[in-house]
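Enquirer: Okay, so here is target_12.tsv, and as you'll see once you scroll down, it has TSV, C-alpha atoms and all ligand atoms.
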```tsv
chain	number	residue	atom	x	y	z
P	1432	MET	CA	23.55	3.09	-8.63
P	1433	ALA	CA	20.91	0.50	-9.65
P	1434	ILE	CA	17.41	0.65	-8.22
P	1435	THR	CA	14.05	-1.02	-8.80
P	1436	GLU	CA	12.66	-2.08	-12.18
P	1437	GLY	CA	15.80	-1.48	-14.18
P	1438	HIS	CA	16.13	2.21	-13.26
P	1439	THR	CA	19.60	3.72	-13.21
P	1440	GLN	CA	20.83	6.91	-11.55
P	1441	THR	CA	23.29	9.36	-13.07
P	1442	ARG	CA	24.37	12.93	-12.37
P	1443	LEU	CA	22.43	15.52	-14.33
P	1444	ALA	CA	24.30	16.39	-17.54
P	1445	GLU	CA	23.79	19.41	-19.81
P	1446	THR	CA	22.21	16.99	-22.33
P	1447	ASP	CA	19.51	16.10	-19.71
P	1448	ILE	CA	18.26	19.69	-19.32
P	1449	ASP	CA	15.46	19.33	-21.91
P	1450	ALA	CA	14.28	16.11	-20.21
P	1451	VAL	CA	14.20	17.62	-16.72
P	1452	MET	CA	12.46	20.73	-18.10
P	1453	ALA	CA	9.78	18.34	-19.43
P	1454	LEU	CA	9.32	17.08	-15.82
P	1455	VAL	CA	9.03	20.71	-14.66
P	1456	ALA	CA	6.39	21.40	-17.34
P	1457	GLU	CA	4.40	18.26	-16.49
P	1458	ALA	CA	4.25	19.34	-12.83
P	1459	GLY	CA	3.31	22.92	-13.84
P	1460	TRP	CA	6.36	24.38	-12.07
P	1461	ASN	CA	8.05	27.68	-12.89
P	1462	GLN	CA	11.79	26.91	-13.12
P	1463	VAL	CA	13.79	27.59	-16.27
P	1464	ALA	CA	16.91	25.87	-17.65
P	1465	GLU	CA	19.16	28.47	-15.91
P	1466	ASP	CA	17.80	27.29	-12.55
P	1467	TRP	CA	18.95	23.71	-13.21
P	1468	ARG	CA	22.39	24.93	-14.29
P	1469	LEU	CA	22.73	27.14	-11.23
P	1470	MET	CA	21.55	24.50	-8.75
P	1471	ALA	CA	23.63	21.72	-10.35
P	1472	GLY	CA	26.63	24.07	-10.18
P	1473	ILE	CA	26.14	24.96	-6.49
P	1474	GLY	CA	25.09	21.44	-5.50
P	1475	ASP	CA	24.59	17.96	-6.89
P	1476	ALA	CA	21.70	17.05	-9.21
P	1477	VAL	CA	20.75	13.51	-10.22
P	1478	VAL	CA	18.27	11.89	-12.61
P	1479	LEU	CA	16.76	8.41	-12.84
P	1480	ARG	CA	16.41	6.72	-16.23
P	1481	ASP	CA	13.97	3.95	-16.98
P	1482	ALA	CA	14.94	0.67	-18.65
P	1483	GLY	CA	14.61	2.39	-22.05
P	1484	GLY	CA	17.04	5.15	-21.03
P	1485	ALA	CA	14.45	7.94	-20.74
P	1486	VAL	CA	14.76	10.40	-17.82
P	1487	CYS	CA	11.76	9.77	-15.52
P	1488	ALA	CA	12.74	11.44	-12.22
P	1489	SER	CA	15.05	14.07	-10.73
P	1490	ALA	CA	16.28	15.43	-7.40
P	1491	LEU	CA	19.08	17.62	-6.16
P	1492	ALA	CA	20.93	18.66	-3.03
P	1493	LEU	CA	22.10	22.22	-2.40
P	1494	PRO	CA	24.73	22.33	0.33
P	1495	TYR	CA	24.44	25.76	1.94
P	1496	ALA	CA	27.02	26.76	4.54
P	1497	ALA	CA	26.45	26.63	8.29
P	1498	GLY	CA	25.33	23.04	8.58
P	1499	PHE	CA	22.21	22.83	6.46
P	1500	GLY	CA	21.29	22.16	2.85
P	1501	TRP	CA	18.25	22.06	0.62
P	1502	ILE	CA	16.71	19.09	-1.17
P	1503	SER	CA	14.74	20.15	-4.21
P	1504	MET	CA	13.44	19.40	-7.69
P	1505	VAL	CA	12.06	16.03	-6.52
P	1506	LEU	CA	10.05	15.28	-9.64
P	1507	VAL	CA	8.71	11.96	-10.90
P	1508	ALA	CA	7.03	11.65	-14.31
P	1509	LYS	CA	3.31	10.90	-13.88
P	1510	ALA	CA	3.68	7.52	-15.58
P	1511	SER	CA	6.39	6.47	-13.09
P	1512	ARG	CA	4.75	7.54	-9.81
P	1513	ARG	CA	3.91	5.34	-6.78
P	1514	ARG	CA	6.81	2.95	-7.43
P	1515	GLY	CA	9.11	4.31	-4.74
P	1516	LEU	CA	11.24	6.50	-7.03
P	1517	ALA	CA	10.80	9.68	-4.96
P	1518	THR	CA	11.46	7.69	-1.79
P	1519	HIS	CA	14.70	6.37	-3.29
P	1520	LEU	CA	15.83	9.80	-4.52
P	1521	LEU	CA	15.02	11.40	-1.18
P	1522	ALA	CA	17.10	8.83	0.74
P	1523	ASP	CA	19.93	9.34	-1.74
P	1524	ARG	CA	19.90	13.14	-1.40
P	1525	VAL	CA	19.58	12.95	2.40
P	1526	ALA	CA	22.67	10.70	2.50
P	1527	TRP	CA	24.56	13.15	0.24
P	1528	LEU	CA	23.83	16.10	2.56
P	1529	LYS	CA	24.43	14.17	5.79
P	1530	ALA	CA	27.84	13.01	4.50
P	1531	ARG	CA	28.68	16.74	4.36
P	1532	GLY	CA	27.37	17.48	7.85
P	1533	ALA	CA	24.29	19.32	6.58
P	1534	VAL	CA	20.78	19.03	8.08
P	1535	PRO	CA	18.42	18.36	5.13
P	1536	ILE	CA	15.72	21.02	4.68
P	1537	LEU	CA	13.06	21.35	1.99
P	1538	ASP	CA	9.91	23.23	1.11
P	1539	ALA	CA	7.38	20.49	0.46
P	1540	THR	CA	4.42	20.69	-1.88
P	1541	GLU	CA	1.18	19.12	-0.71
P	1542	LEU	CA	2.03	16.05	-2.89
P	1543	GLY	CA	5.52	15.82	-1.40
P	1544	VAL	CA	4.58	16.03	2.32
P	1545	PRO	CA	3.56	12.31	2.70
P	1546	VAL	CA	6.82	11.15	1.08
P	1547	TYR	CA	8.95	13.32	3.41
P	1548	GLU	CA	6.96	12.49	6.54
P	1549	GLN	CA	7.59	8.78	5.93
P	1550	ALA	CA	11.31	9.57	5.79
P	1551	GLY	CA	11.13	11.27	9.21
P	1552	PHE	CA	10.99	14.94	8.15
P	1553	THR	CA	8.98	17.22	10.43
P	1554	GLY	CA	7.27	20.48	9.57
P	1555	GLY	CA	8.09	24.09	10.41
P	1556	ALA	CA	6.95	27.33	8.79
P	1557	ARG	CA	4.16	27.42	6.24
P	1558	LEU	CA	4.45	29.39	3.02
P	1559	SER	CA	2.02	30.17	0.23
P	1560	ARG	CA	2.57	30.82	-3.43
P	1561	TRP	CA	0.64	33.86	-4.60
P	1562	GLN	CA	-0.15	34.57	-8.24
P	1563	GLY	CA	-1.55	37.49	-10.17
P	1564	VAL	CA	-0.96	39.83	-13.08
P	1565	ALA	CA	1.25	42.88	-12.60
P	1566	ARG	CA	0.65	46.08	-14.54
P	1567	PRO	CA	3.16	48.92	-14.97
P	1568	GLY	CA	2.72	51.75	-12.48
P	1569	LYS	CA	4.50	54.49	-10.60
P	1570	VAL	CA	7.48	53.50	-8.44
P	1571	ARG	CA	8.07	55.36	-5.14
P	1572	GLY	CA	10.93	57.85	-5.37
P	1573	ASP	CA	13.00	56.46	-2.49
P	1574	LEU	CA	13.33	53.08	-4.21
P	1575	ARG	CA	16.07	52.49	-6.72
P	1576	VAL	CA	17.09	49.85	-9.21
P	1577	ALA	CA	19.98	47.83	-7.74
P	1578	GLY	CA	23.15	48.15	-9.79
P	1579	PRO	CA	26.40	46.14	-9.75
P	1580	SER	CA	27.68	48.16	-6.76
P	1581	ASP	CA	24.67	47.03	-4.68
P	1582	ARG	CA	25.40	43.32	-5.05
P	1583	ALA	CA	27.83	43.10	-2.12
P	1584	TRP	CA	25.44	44.47	0.51
P	1585	ILE	CA	22.46	42.61	-0.98
P	1586	GLY	CA	24.44	39.34	-0.75
P	1587	ALA	CA	25.52	40.16	2.82
P	1588	LEU	CA	21.99	41.08	3.93
P	1589	ASP	CA	20.56	37.93	2.35
P	1590	ALA	CA	23.21	35.84	4.16
P	1591	GLU	CA	22.42	37.51	7.51
P	1592	VAL	CA	18.69	36.85	7.13
P	1593	PHE	CA	18.84	33.37	5.51
P	1594	GLY	CA	21.72	32.10	7.66
P	1595	ALA	CA	24.04	31.10	4.80
P	1596	ASP	CA	25.90	32.91	2.05
P	1597	ARG	CA	24.00	32.74	-1.26
P	1598	SER	CA	25.95	35.44	-3.13
P	1599	ARG	CA	26.41	33.13	-6.11
P	1600	LEU	CA	22.66	32.63	-6.37
P	1601	ILE	CA	21.93	36.37	-5.96
P	1602	ASP	CA	24.54	37.27	-8.62
P	1603	ASP	CA	23.15	34.64	-10.99
P	1604	PHE	CA	19.56	35.90	-10.58
P	1605	LEU	CA	20.58	39.54	-11.09
P	1606	SER	CA	22.73	38.72	-14.13
P	1607	ARG	CA	19.96	36.96	-16.07
P	1608	PRO	CA	18.35	38.79	-18.99
P	1609	GLY	CA	15.05	40.30	-17.84
P	1610	SER	CA	15.93	40.30	-14.12
P	1611	THR	CA	15.51	43.38	-11.91
P	1612	GLY	CA	16.67	44.13	-8.40
P	1613	LEU	CA	15.10	46.93	-6.34
P	1614	ALA	CA	16.68	48.38	-3.22
P	1615	LEU	CA	15.40	50.53	-0.36
P	1616	ASP	CA	17.75	52.35	2.03
P	1617	ASP	CA	20.41	49.60	1.90
P	1618	SER	CA	18.19	47.66	4.32
P	1619	GLY	CA	15.77	45.95	1.98
P	1620	PHE	CA	15.74	44.45	-1.49
P	1621	VAL	CA	13.68	42.36	-3.86
P	1622	ILE	CA	14.73	40.47	-6.99
P	1623	ALA	CA	12.46	39.64	-9.96
P	1624	ARG	CA	13.57	36.96	-12.43
P	1625	ARG	CA	11.95	35.33	-15.43
P	1626	GLY	CA	10.25	31.98	-14.86
P	1627	ARG	CA	8.74	29.40	-17.21
P	1628	ARG	CA	5.15	30.50	-16.50
P	1629	ALA	CA	5.50	33.82	-14.69
P	1630	THR	CA	8.03	36.31	-13.35
P	1631	GLN	CA	9.18	35.04	-9.96
P	1632	LEU	CA	9.72	37.56	-7.16
P	1633	GLY	CA	12.10	36.76	-4.32
P	1634	PRO	CA	14.03	36.84	-2.22
P	1635	LEU	CA	12.48	39.91	-0.59
P	1636	VAL	CA	14.17	41.05	2.61
P	1637	ALA	CA	12.96	44.13	4.50
P	1638	ALA	CA	13.30	45.68	7.95
P	1639	SER	CA	9.52	45.68	8.45
P	1640	GLU	CA	6.31	44.64	6.72
P	1641	PRO	CA	5.50	48.23	5.64
P	1642	GLN	CA	8.93	48.36	3.98
P	1643	ALA	CA	8.27	44.97	2.39
P	1644	ILE	CA	4.96	46.29	1.03
P	1645	ALA	CA	6.77	49.27	-0.54
P	1646	LEU	CA	9.32	46.96	-2.18
P	1647	LEU	CA	6.68	44.53	-3.40
P	1648	ASP	CA	4.52	47.34	-4.82
P	1649	ALA	CA	7.55	48.78	-6.62
P	1650	ALA	CA	8.50	45.40	-8.06
P	1651	LEU	CA	4.95	44.81	-9.26
P	1652	ALA	CA	4.79	48.32	-10.76
P	1653	SER	CA	7.96	47.58	-12.74
P	1654	LEU	CA	6.48	44.43	-14.34
P	1655	ASP	CA	3.85	43.66	-16.96
P	1656	GLY	CA	2.37	40.15	-16.92
P	1657	PRO	CA	1.94	37.08	-14.71
P	1658	VAL	CA	3.80	37.02	-11.38
P	1659	PHE	CA	4.40	34.35	-8.72
P	1660	PHE	CA	5.89	34.83	-5.27
P	1661	ASP	CA	6.27	32.65	-2.16
P	1662	LEU	CA	5.41	34.42	1.08
P	1663	PHE	CA	5.72	33.23	4.70
P	1664	ASP	CA	2.16	32.79	6.04
P	1665	ALA	CA	3.33	34.50	9.26
P	1666	ARG	CA	3.62	37.86	7.42
P	1667	GLY	CA	-0.02	38.75	7.97
P	1668	ALA	CA	0.11	42.42	6.92
P	1669	LEU	CA	1.87	41.58	3.67
P	1670	GLU	CA	-0.60	38.77	2.99
P	1671	ALA	CA	-3.57	41.09	3.61
P	1672	HIS	CA	-1.97	43.60	1.22
P	1673	VAL	CA	-1.49	41.12	-1.64
P	1674	ARG	CA	-5.01	39.80	-1.16
P	1675	ALA	CA	-6.34	43.38	-1.39
P	1676	LEU	CA	-4.36	43.83	-4.63
P	1677	GLY	CA	-6.29	40.85	-6.05
P	1678	TYR	CA	-3.52	38.25	-5.89
P	1679	GLU	CA	-4.68	34.65	-5.36
P	1680	ARG	CA	-3.18	31.83	-3.30
P	1681	GLN	CA	-2.09	29.13	-5.74
P	1682	ARG	CA	-0.71	26.46	-3.38
P	1683	GLY	CA	0.95	25.93	-0.02
P	1684	PHE	CA	4.41	24.74	0.99
P	1685	LEU	CA	5.53	23.29	4.31
P	1686	ARG	CA	9.18	23.89	5.29
P	1687	MET	CA	10.43	20.55	6.64
P	1688	SER	CA	13.69	19.37	8.21
P	1689	LEU	CA	15.35	16.09	9.11
P	1690	GLY	CA	17.04	17.34	12.28
P	1691	GLU	CA	16.97	20.68	14.03
P	1692	MET	CA	15.32	23.41	11.93
P	1693	PRO	CA	17.53	26.51	11.63
P	1694	ASP	CA	15.98	29.93	12.24
P	1695	PHE	CA	14.94	31.31	8.86
P	1696	ASP	CA	12.98	34.27	10.27
P	1697	GLY	CA	15.95	36.66	10.21
P	1698	ASN	CA	14.42	38.70	13.09
P	1699	GLY	CA	11.27	39.22	11.09
P	1700	ARG	CA	13.08	40.36	7.94
P	1701	ALA	CA	12.55	37.28	5.71
P	1702	MET	CA	9.44	38.03	3.61
P	1703	LEU	CA	9.52	36.25	0.23
P	1704	ILE	CA	11.79	33.25	-0.25
P	1705	ALA	CA	13.92	32.79	-3.37
P	1706	GLY	CA	11.67	29.84	-4.23
P	1707	PRO	CA	10.84	26.45	-2.71
P	1708	GLU	CA	13.70	24.93	-4.71
P	1709	TYR	CA	16.23	27.39	-3.21
P	1710	GLY	CA	14.81	28.26	0.22
E	1	LIG	C1	5.52	13.84	-4.94
E	1	LIG	C2	6.16	12.90	-5.94
E	1	LIG	C3	7.61	13.31	-6.14
E	1	LIG	C4	6.08	11.47	-5.37
E	1	LIG	O1	6.80	10.61	-6.24
E	1	LIG	P1	6.57	9.02	-6.21
E	1	LIG	O2	7.77	8.39	-6.86
E	1	LIG	O3	5.25	8.71	-6.75
E	1	LIG	O4	6.59	8.72	-4.64
E	1	LIG	P2	6.82	7.30	-3.98
E	1	LIG	O5	6.39	6.22	-4.92
E	1	LIG	O6	8.23	7.23	-3.48
E	1	LIG	O7	5.81	7.38	-2.77
E	1	LIG	C5	6.19	7.02	-1.47
E	1	LIG	C6	4.99	7.05	-0.55
E	1	LIG	O8	4.55	8.37	-0.34
E	1	LIG	C7	3.12	8.38	-0.28
E	1	LIG	N1	2.60	9.09	-1.44
E	1	LIG	C8	3.24	9.40	-2.59
E	1	LIG	N2	2.42	10.08	-3.42
E	1	LIG	C9	1.24	10.18	-2.77
E	1	LIG	C10	-0.01	10.74	-3.10
E	1	LIG	N3	-0.23	11.35	-4.27
E	1	LIG	N4	-1.02	10.66	-2.19
E	1	LIG	C11	-0.82	10.03	-1.00
E	1	LIG	N5	0.35	9.47	-0.64
E	1	LIG	C12	1.35	9.54	-1.50
E	1	LIG	C13	2.67	6.94	-0.32
E	1	LIG	O9	2.62	6.45	0.99
E	1	LIG	C14	3.80	6.31	-1.09
E	1	LIG	O10	3.97	4.95	-0.80
E	1	LIG	P3	3.00	3.86	-1.51
E	1	LIG	O11	2.94	4.17	-2.98
E	1	LIG	O12	3.68	2.57	-1.19
E	1	LIG	O13	1.67	4.04	-0.85
E	1	LIG	C15	5.41	12.91	-7.30
E	1	LIG	O14	4.02	12.76	-7.07
E	1	LIG	C16	5.62	14.19	-8.10
E	1	LIG	O15	6.59	14.31	-8.86
E	1	LIG	N6	4.71	15.17	-7.92
E	1	LIG	C17	4.81	16.46	-8.61
E	1	LIG	C18	6.01	17.24	-8.12
E	1	LIG	C19	6.04	17.41	-6.61
E	1	LIG	O16	5.08	17.85	-5.97
E	1	LIG	N7	7.19	17.04	-6.01
E	1	LIG	C20	7.42	17.16	-4.59
E	1	LIG	C21	8.21	18.39	-4.36
E	1	LIG	S1	8.31	18.80	-2.64
```
Give the structure from this file in structure tokens form.
Ligand SMILES: CC(C)(COP(=O)(O)OP(=O)(O)OC[C@H]1O[C@@H](n2cnc3c(N)ncnc32)[C@H](O)[C@@H]1OP(=O)(O)O)[C@@H](O)C(=O)NCCC(=O)NCCS
Expert:
Amino acid sequence: MAITEGHTQTRLAETDIDAVMALVAEAGWNQVAEDWRLMAGIGDAVVLRDAGGAVCASALALPYAAGFGWISMVLVAKASRRRGLATHLLADRVAWLKARGAVPILDATELGVPVYEQAGFTGGARLSRWQGVARPGKVRGDLRVAGPSDRAWIGALDAEVFGADRSRLIDDFLSRPGSTGLALDDSGFVIARRGRRATQLGPLVAASEPQAIALLDAALASLDGPVFFDLFDARGALEAHVRALGYERQRGFLRMSLGEMPDFDGNGRAMLIAGPEYG
């Protein structure tokens, strides 16, 4: 598909991973190459090349079940911004999802909000990315490390709370070197995975905020180094807890939809999202 100024669009290939990771690094984001492979495998990822053939922009669509899908990794190299590339990619990804009967959803950065508003997206829940440095500590006795036999219920609980089955994503996260899953009473879990800049926590699902605090504390006590996690602003007790631990708010995200926003609250059980690129 040809677009302005000699740009061409192709599907993301394995040979493009270094180039899209350079876009991630320029934006200061936390994804790693495994995230691109996973998302391109579940959904459809595209890149734009400039007239010289260099990758200068990316975007992808993740078709989740139950009538909605995510648009993510909308990245434009600094030198190529304000020429309509993000607007083009957004329209392209919206069309891809709509052709599959999916309402497009995304978690917009502050830079992304104006682009999505112009395309008709409207805002829902607000989230914040929190950052800090975890230090090893004592883990509460009733928490356990999730093993292979826990994956089925973790996938089922995540699906119940998120509204779509993401077992493939959960399995992929838990299978990566350096990942940990922690479980509490078969009713709550948290996953930690390695990121480019920091360990990323999430999803975290729990029956209550006190249970979420126990899971978060355990995850932090099992780590050593920088940590990021994306928390719904509505979870006031959890937010007060992370603030008291010395974690800082790095940036905000606005969950936006083009059509009716599904319920992502999970009866109060959705605490940390998997990441703005995954929902
Ligand atoms: C956000 C981003 C993708 C926009 O890419 P882009 O190709 O420059 O966007 P477009 O040229 O399509 O912009 C479309 C319109 O959105 C608005 N817009 C885009 N960037 C803006 C900015 N920084 N400030 C204010 N308005 C902006 C403008 O109205 C613009 O139209 P105009 O240039 O004719 O005024 C790019 O800045 C980027 O990669 N940022 C870092 C990663 C990121 O935050 N991605 C969004 C993830 S949700």
Enquirer: Just want the 6 Å neighbourhood of segment 1646-1654 of chain P, counted on only C-alpha atoms, with same-chain residues fewer than 4 positions away dropped. Output as a list in words.
Expert: Ala1565, Pro1567, Gly1568 and Val1570 of chain P
Enquirer: Find the residue from P:Val1507, P:Leu1469, P:Leu1493, P:Ala1623 that sits nearest to ligand LIG 1 (chain E); use only C-alpha atoms and all ligand atoms when measuring.
Expert: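 With only C-alpha atoms and all ligand atoms as the atom set, the closest residue is P:Val1507.
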Enquirer: List all protein, DNA and RNA residues that have an atom no more than 6 Å from any atom of ligand LIG 1 (chain E), counting all atoms listed in the file, and report them as a PyMOL selection string.
Expert: chain P and resi 1458+1505-1507+1512-1518+1539-1540+1542-1543+1545-1546
Enquirer: Identify which of the residues P:Arg1557, P:Arg1607, P:Arg1625, P:Arg1700 lies closest to Asp1661 of chain P, counting all atoms listed in the file when measuring atom-to-atom distances.
Expert: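 Among the listed residues, P:Arg1557 lies closest to Asp1661 of chain P.
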Enquirer: Between atom CA of Gly1594 of chain P and atom CA of Leu1491 of chain P, what is the spacing in Å?
Expert: 20.2 Å
Enquirer: Under the rule that all atoms listed in the file are counted, which of P:Tyr1678, P:Trp1561, P:Tyr1547, P:Phe1604 is the nearest residue to Met1470 of chain P?
Expert: P:Phe1604
Enquirer: Looking at P:Lys1509, P:Arg1682, P:His1438, P:Arg1480, which one is nearest to Leu1454 of chain P, with distances taken over all atoms listed in the file?
Expert: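 When distances to Leu1454 of chain P are compared using all atoms listed in the file, the smallest one comes from P:Lys1509.
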Enquirer: Give me, please, the distance in Å between atom CA of Val1544 of chain P and atom CA of Glu1691 of chain P, quoted to one decimal.
Expert: 17.7 Å
Enquirer: Go through P:Ala1496, P:Ala1638, P:His1519, P:Gly1437 and flag the residue nearest Ala1482 of chain P, using only C-alpha atoms for the distances.
Expert: P:Gly1437
Enquirer: Val1576 of chain P: which residues within 9 Å, counting all atoms listed in the file, same-chain residues fewer than 3 positions away excluded, as a list in words?
Expert: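 Non-adjacent residues within range: Thr1611, Gly1612, Leu1613 and Ala1614 of chain P.
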Enquirer: Set the distance at 10 Å and use all atoms listed in the file: which residues neighbour Gly1532 of chain P once local chain neighbours fewer than 6 positions away are removed? I'd like the list as a PyMOL selection string.
Expert: chain P and resi 1494+1496-1500+1526
Enquirer: Could you tell me which of P:Ala1550, P:Ala1637, P:Ala1492, P:Ala1701 comes closest to Arg1524 of chain P if we count all atoms listed in the file?
Expert: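 Among the listed residues, P:Ala1492 lies closest to Arg1524 of chain P.
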Enquirer: When you look at Met1687 of chain P with a cut-off of 9 Å (counting all atoms listed in the file), what residues show up, excluding the ones that are within fewer than 5 positions of it in the same chain? I need them as a short mmCIF file (atom, residue, chain, number, x, y, z; two decimals) with C-alpha atoms, in the coordinates of the input.
Expert:
```cif
data_model
loop_
_atom_site.label_atom_id
_atom_site.label_comp_id
_atom_site.auth_asym_id
_atom_site.auth_seq_id
_atom_site.Cartn_x
_atom_site.Cartn_y
_atom_site.Cartn_z
CA PRO P 1535 18.42 18.36 5.13
CA ILE P 1536 15.72 21.02 4.68
CA LEU P 1537 13.06 21.35 1.99
CA ASP P 1538 9.91 23.23 1.11
CA ALA P 1539 7.38 20.49 0.46
CA VAL P 1544 4.58 16.03 2.32
CA TYR P 1547 8.95 13.32 3.41
CA GLU P 1548 6.96 12.49 6.54
CA PHE P 1552 10.99 14.94 8.15
CA THR P 1553 8.98 17.22 10.43
CA GLY P 1554 7.27 20.48 9.57
CA GLY P 1555 8.09 24.09 10.41
CA ALA P 1556 6.95 27.33 8.79
CA MET P 1692 15.32 23.41 11.93
#
```
Enquirer: When you look at Arg1627 of chain P with a cut-off of 10 Å (counting all atoms listed in the file), what residues show up, excluding the ones that are within fewer than 4 positions of it in the same chain? I need them as a PyMOL selection string.
Expert: chain P and resi 1452+1455-1456+1459-1464+1631
Enquirer: Tell me, in Å to one decimal, how far atom CA of Tyr1495 of chain P is from atom CA of Ser1559 of chain P.
Expert: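 Computed distance, atom CA of Tyr1495 of chain P to atom CA of Ser1559 of chain P, equals 22.9 Å.
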